[in-house]
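So this one's coords_34.cif, mmCIF, C-alpha atoms:
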data_model
loop_
_atom_site.label_atom_id
_atom_site.label_comp_id
_atom_site.auth_asym_id
_atom_site.auth_seq_id
_atom_site.Cartn_x
_atom_site.Cartn_y
_atom_site.Cartn_z
CA MET A 13 11.69 0.11 -3.28
CA ASN A 14 14.98 1.97 -3.56
CA ARG A 15 17.01 2.54 -6.73
CA ARG A 16 19.69 -0.02 -5.84
CA ALA A 17 17.08 -2.75 -5.28
CA PHE A 18 15.35 -1.72 -8.51
CA ILE A 19 18.46 -2.00 -10.69
CA GLY A 20 20.18 -4.69 -8.66
CA GLY A 21 17.58 -7.31 -9.43
CA SER A 22 16.88 -8.10 -5.79
CA ALA A 23 13.19 -7.94 -6.64
CA ALA A 24 12.44 -10.91 -8.84
CA PHE A 25 8.88 -9.74 -9.39
CA VAL A 26 7.87 -6.12 -9.75
CA PRO A 27 4.28 -5.08 -10.52
CA ALA A 28 4.24 -2.49 -13.28
CA VAL A 29 2.50 0.10 -11.10
CA VAL A 30 5.34 -0.20 -8.59
CA ALA A 31 7.84 0.13 -11.43
CA VAL A 32 6.26 3.36 -12.59
CA GLN A 33 6.26 4.73 -9.04
CA ALA A 34 9.83 3.55 -8.44
CA THR A 35 11.00 5.22 -11.61
CA THR A 36 9.42 8.50 -10.60
CA SER A 37 10.86 8.40 -7.08
CA ALA A 38 14.19 7.06 -8.35
CA ALA A 39 14.54 9.99 -10.72
CA ALA A 40 13.91 12.37 -7.84
CA ALA A 41 16.26 10.43 -5.56
CA ALA A 42 18.96 10.53 -8.22
CA GLN A 43 19.09 14.29 -7.76
CA ARG A 44 19.92 13.82 -4.06
CA SER A 45 22.03 10.69 -4.23
CA PRO A 46 24.49 10.18 -7.11
CA PHE A 47 24.98 6.87 -8.87
CA GLY A 48 28.24 5.09 -8.12
CA SER A 49 29.36 4.93 -11.75
CA ASP A 50 28.29 5.20 -15.36
CA VAL A 51 27.56 1.46 -15.24
CA ASP A 52 25.01 2.11 -12.48
CA VAL A 53 23.33 4.77 -14.60
CA LEU A 54 23.31 2.48 -17.63
CA ASN A 55 21.83 -0.39 -15.62
CA TYR A 56 19.15 1.95 -14.32
CA ALA A 57 18.26 2.77 -17.94
CA LEU A 58 18.48 -0.90 -18.88
CA VAL A 59 15.84 -1.91 -16.34
CA ALA A 60 13.55 0.83 -17.67
CA GLU A 61 14.05 -0.54 -21.17
CA TYR A 62 13.20 -4.07 -19.98
CA PHE A 63 9.86 -2.77 -18.70
CA LEU A 64 9.14 -0.96 -21.95
CA SER A 65 10.23 -3.82 -24.20
CA GLN A 66 8.12 -6.43 -22.45
CA PHE A 67 5.16 -4.09 -22.29
CA TYR A 68 5.21 -3.54 -26.06
CA ARG A 69 5.71 -7.26 -26.77
CA GLU A 70 2.58 -8.00 -24.77
CA ALA A 71 0.67 -4.98 -26.09
CA ARG A 72 1.19 -5.48 -29.80
CA VAL A 73 -0.84 -8.70 -29.89
CA LYS A 74 -3.83 -6.87 -28.43
CA LEU A 75 -4.01 -4.24 -31.18
CA ARG A 76 -4.78 -4.32 -34.89
CA GLY A 77 -3.74 -2.47 -38.00
CA LYS A 78 -1.85 0.80 -37.75
CA GLU A 79 -1.81 0.72 -33.94
CA ALA A 80 -0.25 -2.76 -33.88
CA ARG A 81 2.40 -1.66 -36.42
CA TYR A 82 3.30 1.45 -34.42
CA ILE A 83 3.45 -0.42 -31.11
CA SER A 84 5.55 -3.15 -32.72
CA ALA A 85 7.99 -0.55 -34.12
CA ILE A 86 8.23 1.13 -30.71
CA GLY A 87 8.96 -2.27 -29.15
CA ALA A 88 11.72 -2.85 -31.69
CA ASP A 89 13.29 0.47 -30.64
CA GLU A 90 13.18 -0.63 -26.99
CA ASP A 91 14.86 -3.93 -27.93
CA ALA A 92 17.59 -1.96 -29.72
CA HIS A 93 18.05 0.19 -26.60
CA ILE A 94 18.46 -2.98 -24.52
CA ALA A 95 21.09 -4.31 -26.91
CA ALA A 96 23.02 -1.02 -26.92
CA LEU A 97 22.86 -0.56 -23.15
CA THR A 98 23.85 -4.17 -22.50
CA GLN A 99 26.82 -3.92 -24.84
CA THR A 100 27.94 -0.63 -23.30
CA VAL A 101 27.71 -1.98 -19.75
CA GLN A 102 29.80 -4.97 -20.80
CA THR A 103 32.31 -2.78 -22.65
CA LEU A 104 32.76 -0.77 -19.46
CA GLY A 105 33.49 -4.01 -17.56
CA GLY A 106 30.14 -4.17 -15.78
CA SER A 107 27.43 -6.78 -15.58
CA PRO A 108 24.07 -5.91 -17.13
CA ALA A 109 21.15 -5.73 -14.70
CA PRO A 110 19.00 -8.86 -14.79
CA VAL A 111 15.55 -8.83 -16.35
CA PRO A 112 12.91 -8.58 -13.62
CA ALA A 113 9.63 -10.46 -13.77
CA ILE A 114 6.87 -7.99 -14.57
CA ASP A 115 3.11 -8.16 -14.17
CA TYR A 116 1.20 -5.35 -15.88
CA LYS A 117 -2.08 -6.34 -14.21
CA ASN A 118 -4.98 -4.68 -16.06
CA ALA A 119 -2.82 -2.24 -18.04
CA LEU A 120 -3.26 -4.48 -21.06
CA SER A 121 -6.95 -5.24 -20.53
CA THR A 122 -8.32 -2.74 -23.05
CA ARG A 123 -7.00 -0.66 -25.91
CA GLU A 124 -7.58 2.52 -23.92
CA ASN A 125 -5.78 1.18 -20.81
CA LEU A 126 -2.92 -0.08 -22.92
CA LEU A 127 -2.34 3.20 -24.73
CA ARG A 128 -2.79 5.34 -21.61
CA PHE A 129 -0.33 3.17 -19.73
CA ALA A 130 2.13 3.30 -22.65
CA LEU A 131 1.95 7.09 -22.68
CA ARG A 132 2.52 7.27 -18.95
CA PHE A 133 5.39 4.76 -19.16
CA GLU A 134 7.13 6.66 -21.95
CA ASN A 135 6.86 10.00 -20.19
CA LEU A 136 7.99 8.65 -16.82
CA PHE A 137 10.96 6.77 -18.19
CA ALA A 138 11.99 9.76 -20.31
CA ARG A 139 12.01 11.84 -17.10
CA ALA A 140 14.05 9.12 -15.40
CA TYR A 141 16.63 9.37 -18.20
CA LEU A 142 16.82 13.11 -17.64
CA GLY A 143 17.16 12.73 -13.89
CA ALA A 144 19.97 10.20 -14.16
CA ALA A 145 21.80 11.96 -17.01
CA ALA A 146 23.29 14.54 -14.66
CA PHE A 147 25.44 11.80 -13.14
CA VAL A 148 26.93 10.38 -16.35
CA GLN A 149 30.67 11.02 -16.46
CA ASN A 150 31.51 9.87 -19.99
CA PRO A 151 30.38 12.42 -22.62
CA ASP A 152 29.89 9.68 -25.23
CA ILE A 153 27.47 7.88 -22.94
CA LEU A 154 25.67 11.13 -22.18
CA GLN A 155 25.24 11.81 -25.90
CA ALA A 156 23.83 8.31 -26.45
CA ALA A 157 21.48 8.71 -23.47
CA ALA A 158 20.24 12.00 -24.90
CA GLY A 159 19.51 10.18 -28.15
CA ILE A 160 17.52 7.50 -26.34
CA PHE A 161 15.65 10.20 -24.42
CA GLY A 162 14.64 11.76 -27.74
CA VAL A 163 13.40 8.42 -29.03
CA GLU A 164 11.33 7.88 -25.87
CA GLU A 165 9.75 11.31 -26.31
CA ARG A 166 8.88 10.44 -29.93
CA HIS A 167 7.29 7.24 -28.67
CA ALA A 168 5.19 9.29 -26.26
CA ALA A 169 4.10 11.54 -29.13
CA ILE A 170 3.09 8.54 -31.27
CA VAL A 171 1.08 6.99 -28.45
CA ALA A 172 -0.55 10.34 -27.65
CA ASN A 173 -1.53 10.60 -31.31
CA LEU A 174 -3.06 7.11 -31.21
CA LEU A 175 -5.10 8.30 -28.22
CA GLY A 176 -6.28 11.31 -30.22
CA ARG A 177 -4.34 13.81 -28.09
#
Can the structure from this file be put into structure tokens for me?
Amino acid sequence: MNRRAFIGGSAAFVPAVVAVQATTSAAAAAQRSPFGSDVDVLNYALVAEYFLSQFYREARVKLRGKEARYISAIGADEDAHIAALTQTVQTLGGSPAPVPAIDYKNALSTRENLLRFALRFENLFARAYLGAAAFVQNPDILQAAAGIFGVEERHAAIVANLLGR
């Protein structure tokens, strides 16, 4: 799956494993092939946030206590990222990328799978932010993207802590 298909919504259903692989290869491809505009970069980030947001919505009901509270708070951050990215895309005159259908398969089957997958997701999408950031033209957008990157790295640290790492 190429980056344009990934962010363009041509795939109505994307298995989570494919999404993780697409994000990794898309970040590498971004180094070779620039985005067309800041809106393209923002929509790329928006799709990543859709994956994270839905994952945490589904994950939080499978956990209890402190873990459920942390995962819920992380999900709320992802929802805030979606709102900010959507608003920015619209402010720039673009159309926000559509929400793809996502199937996480067995990533949510156990606590251990869930947390390992969350850690991998956070790290991969943080790298994707870094890979795409080089193509942002507007310094205000770049600053905001750097802020989101920092939040994603904090999420990874929280999940790693929940895994005892």
Quiz prompt | Surrounding residues of segment 118-121 of chain A excluding itself and chain neighbours under 6 positions, 8 Å, only C-alpha atoms, as a count of residues only | solution = 4
Quiz item: Near segment 146-155 of chain A, within 8 Å and counting only C-alpha atoms, which residues show up once chain neighbours fewer than 5 positions away are dropped, as a ChimeraX atom specification?
Solution: /A:46-47,49-50,53
Self-check item: Chain and number of each residue from the PyMOL selection byres ((chain A and resi 94) around 12), as a ChimeraX atom specification
Solution: /A:54-66,87-93,95-101,108-111,160
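The closest residue to Thr103 of chain A, picked from A:Arg139, A:His167, A:Val51, A:Ala172 and counting all atoms listed in the file, is A:Val51.
Atom CA of Ile83 of chain A sits 6.2 Å away from atom CA of Tyr68 of chain A.
When atom CA of Asn125 of chain A is paired with atom CA of Arg72 of chain A, their separation reads 13.2 Å.
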Quiz item: Could you work out how far atom CA of Leu127 of chain A lies from atom CA of Leu175 of chain A, giving the answer in Å with one decimal?
Solution: 6.8 Å
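Distances from A:Ala80, A:Asp115, A:Ile86, A:Arg128 to Arg166 of chain A were compared using all atoms listed in the file, and the smallest one belongs to A:Ile86.
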Coordinates of box centre and edge lengths for segment 104-123 of chain A, 4 Å on every side, axis-aligned, as AutoDock Vina command-line options:
--center_x 12.6 --center_y -5.6 --center_z -19.8 --size_x 49.8 --size_y 17.8 --size_z 20.3
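Non-sequential neighbours of Glu134 of chain A (distance at most 7 Å, separation of 5 or more positions within a chain, only C-alpha atoms) are Glu164, Glu165, His167 and Ala168 of chain A.
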Exercise. Go through A:Gly162, A:Val171, A:Glu124, A:Ala130 one by one, measure the shortest atom-to-atom distance of each to Leu142 of chain A using all atoms listed in the file, and give the residue with the smallest value.
Key: A:Gly162
Residue rebuild result segment 45-62 of chain A, N, CA, C and O atoms as an mmCIF file, in the frame of the given file:
data_model
loop_
_atom_site.group_PDB
_atom_site.id
_atom_site.type_symbol
_atom_site.label_atom_id
_atom_site.label_comp_id
_atom_site.auth_asym_id
_atom_site.auth_seq_id
_atom_site.Cartn_x
_atom_site.Cartn_y
_atom_site.Cartn_z
ATOM 1 N N SER A 45 21.086 11.751 -4.511
ATOM 2 C CA SER A 45 22.030 10.690 -4.230
ATOM 3 C C SER A 45 22.655 10.185 -5.528
ATOM 4 O O SER A 45 22.014 9.432 -6.263
ATOM 5 N N PRO A 46 23.879 10.563 -5.838
ATOM 6 C CA PRO A 46 24.490 10.180 -7.110
ATOM 7 C C PRO A 46 24.659 8.662 -7.277
ATOM 8 O O PRO A 46 24.780 7.930 -6.309
ATOM 9 N N PHE A 47 24.678 8.255 -8.518
ATOM 10 C CA PHE A 47 24.980 6.870 -8.870
ATOM 11 C C PHE A 47 26.460 6.642 -8.593
ATOM 12 O O PHE A 47 27.261 7.573 -8.622
ATOM 13 N N GLY A 48 26.838 5.405 -8.393
ATOM 14 C CA GLY A 48 28.240 5.090 -8.120
ATOM 15 C C GLY A 48 29.127 5.182 -9.347
ATOM 16 O O GLY A 48 30.318 5.472 -9.230
ATOM 17 N N SER A 49 28.560 4.944 -10.527
ATOM 18 C CA SER A 49 29.360 4.930 -11.750
ATOM 19 C C SER A 49 28.445 5.037 -12.965
ATOM 20 O O SER A 49 27.230 4.941 -12.839
ATOM 21 N N ASP A 50 29.065 5.196 -14.121
ATOM 22 C CA ASP A 50 28.290 5.200 -15.360
ATOM 23 C C ASP A 50 27.581 3.864 -15.570
ATOM 24 O O ASP A 50 26.479 3.816 -16.114
ATOM 25 N N VAL A 51 28.202 2.775 -15.126
ATOM 26 C CA VAL A 51 27.560 1.460 -15.240
ATOM 27 C C VAL A 51 26.259 1.438 -14.448
ATOM 28 O O VAL A 51 25.250 0.898 -14.913
ATOM 29 N N ASP A 52 26.250 2.050 -13.267
ATOM 30 C CA ASP A 52 25.010 2.110 -12.480
ATOM 31 C C ASP A 52 23.921 2.873 -13.227
ATOM 32 O O ASP A 52 22.762 2.466 -13.238
ATOM 33 N N VAL A 53 24.297 3.978 -13.843
ATOM 34 C CA VAL A 53 23.330 4.770 -14.600
ATOM 35 C C VAL A 53 22.805 3.960 -15.781
ATOM 36 O O VAL A 53 21.610 3.930 -16.051
ATOM 37 N N LEU A 54 23.712 3.286 -16.475
ATOM 38 C CA LEU A 54 23.310 2.480 -17.630
ATOM 39 C C LEU A 54 22.400 1.327 -17.215
ATOM 40 O O LEU A 54 21.423 1.012 -17.914
ATOM 41 N N ASN A 55 22.689 0.698 -16.094
ATOM 42 C CA ASN A 55 21.830 -0.390 -15.620
ATOM 43 C C ASN A 55 20.460 0.130 -15.190
ATOM 44 O O ASN A 55 19.445 -0.550 -15.375
ATOM 45 N N TYR A 56 20.414 1.313 -14.655
ATOM 46 C CA TYR A 56 19.150 1.950 -14.320
ATOM 47 C C TYR A 56 18.306 2.108 -15.592
ATOM 48 O O TYR A 56 17.127 1.743 -15.634
ATOM 49 N N ALA A 57 18.942 2.617 -16.647
ATOM 50 C CA ALA A 57 18.260 2.770 -17.940
ATOM 51 C C ALA A 57 17.879 1.412 -18.516
ATOM 52 O O ALA A 57 16.804 1.259 -19.102
ATOM 53 N N LEU A 58 18.742 0.432 -18.342
ATOM 54 C CA LEU A 58 18.480 -0.900 -18.880
ATOM 55 C C LEU A 58 17.223 -1.509 -18.276
ATOM 56 O O LEU A 58 16.387 -2.074 -18.992
ATOM 57 N N VAL A 59 17.047 -1.365 -16.979
ATOM 58 C CA VAL A 59 15.840 -1.910 -16.340
ATOM 59 C C VAL A 59 14.595 -1.201 -16.885
ATOM 60 O O VAL A 59 13.574 -1.834 -17.156
ATOM 61 N N ALA A 60 14.687 0.103 -17.080
ATOM 62 C CA ALA A 60 13.550 0.830 -17.670
ATOM 63 C C ALA A 60 13.235 0.267 -19.048
ATOM 64 O O ALA A 60 12.067 0.058 -19.394
ATOM 65 N N GLU A 61 14.259 0.006 -19.831
ATOM 66 C CA GLU A 61 14.050 -0.540 -21.170
ATOM 67 C C GLU A 61 13.450 -1.944 -21.120
ATOM 68 O O GLU A 61 12.636 -2.308 -21.972
ATOM 69 N N TYR A 62 13.824 -2.747 -20.134
ATOM 70 C CA TYR A 62 13.200 -4.070 -19.980
ATOM 71 C C TYR A 62 11.693 -3.923 -19.788
ATOM 72 O O TYR A 62 10.907 -4.667 -20.381
#
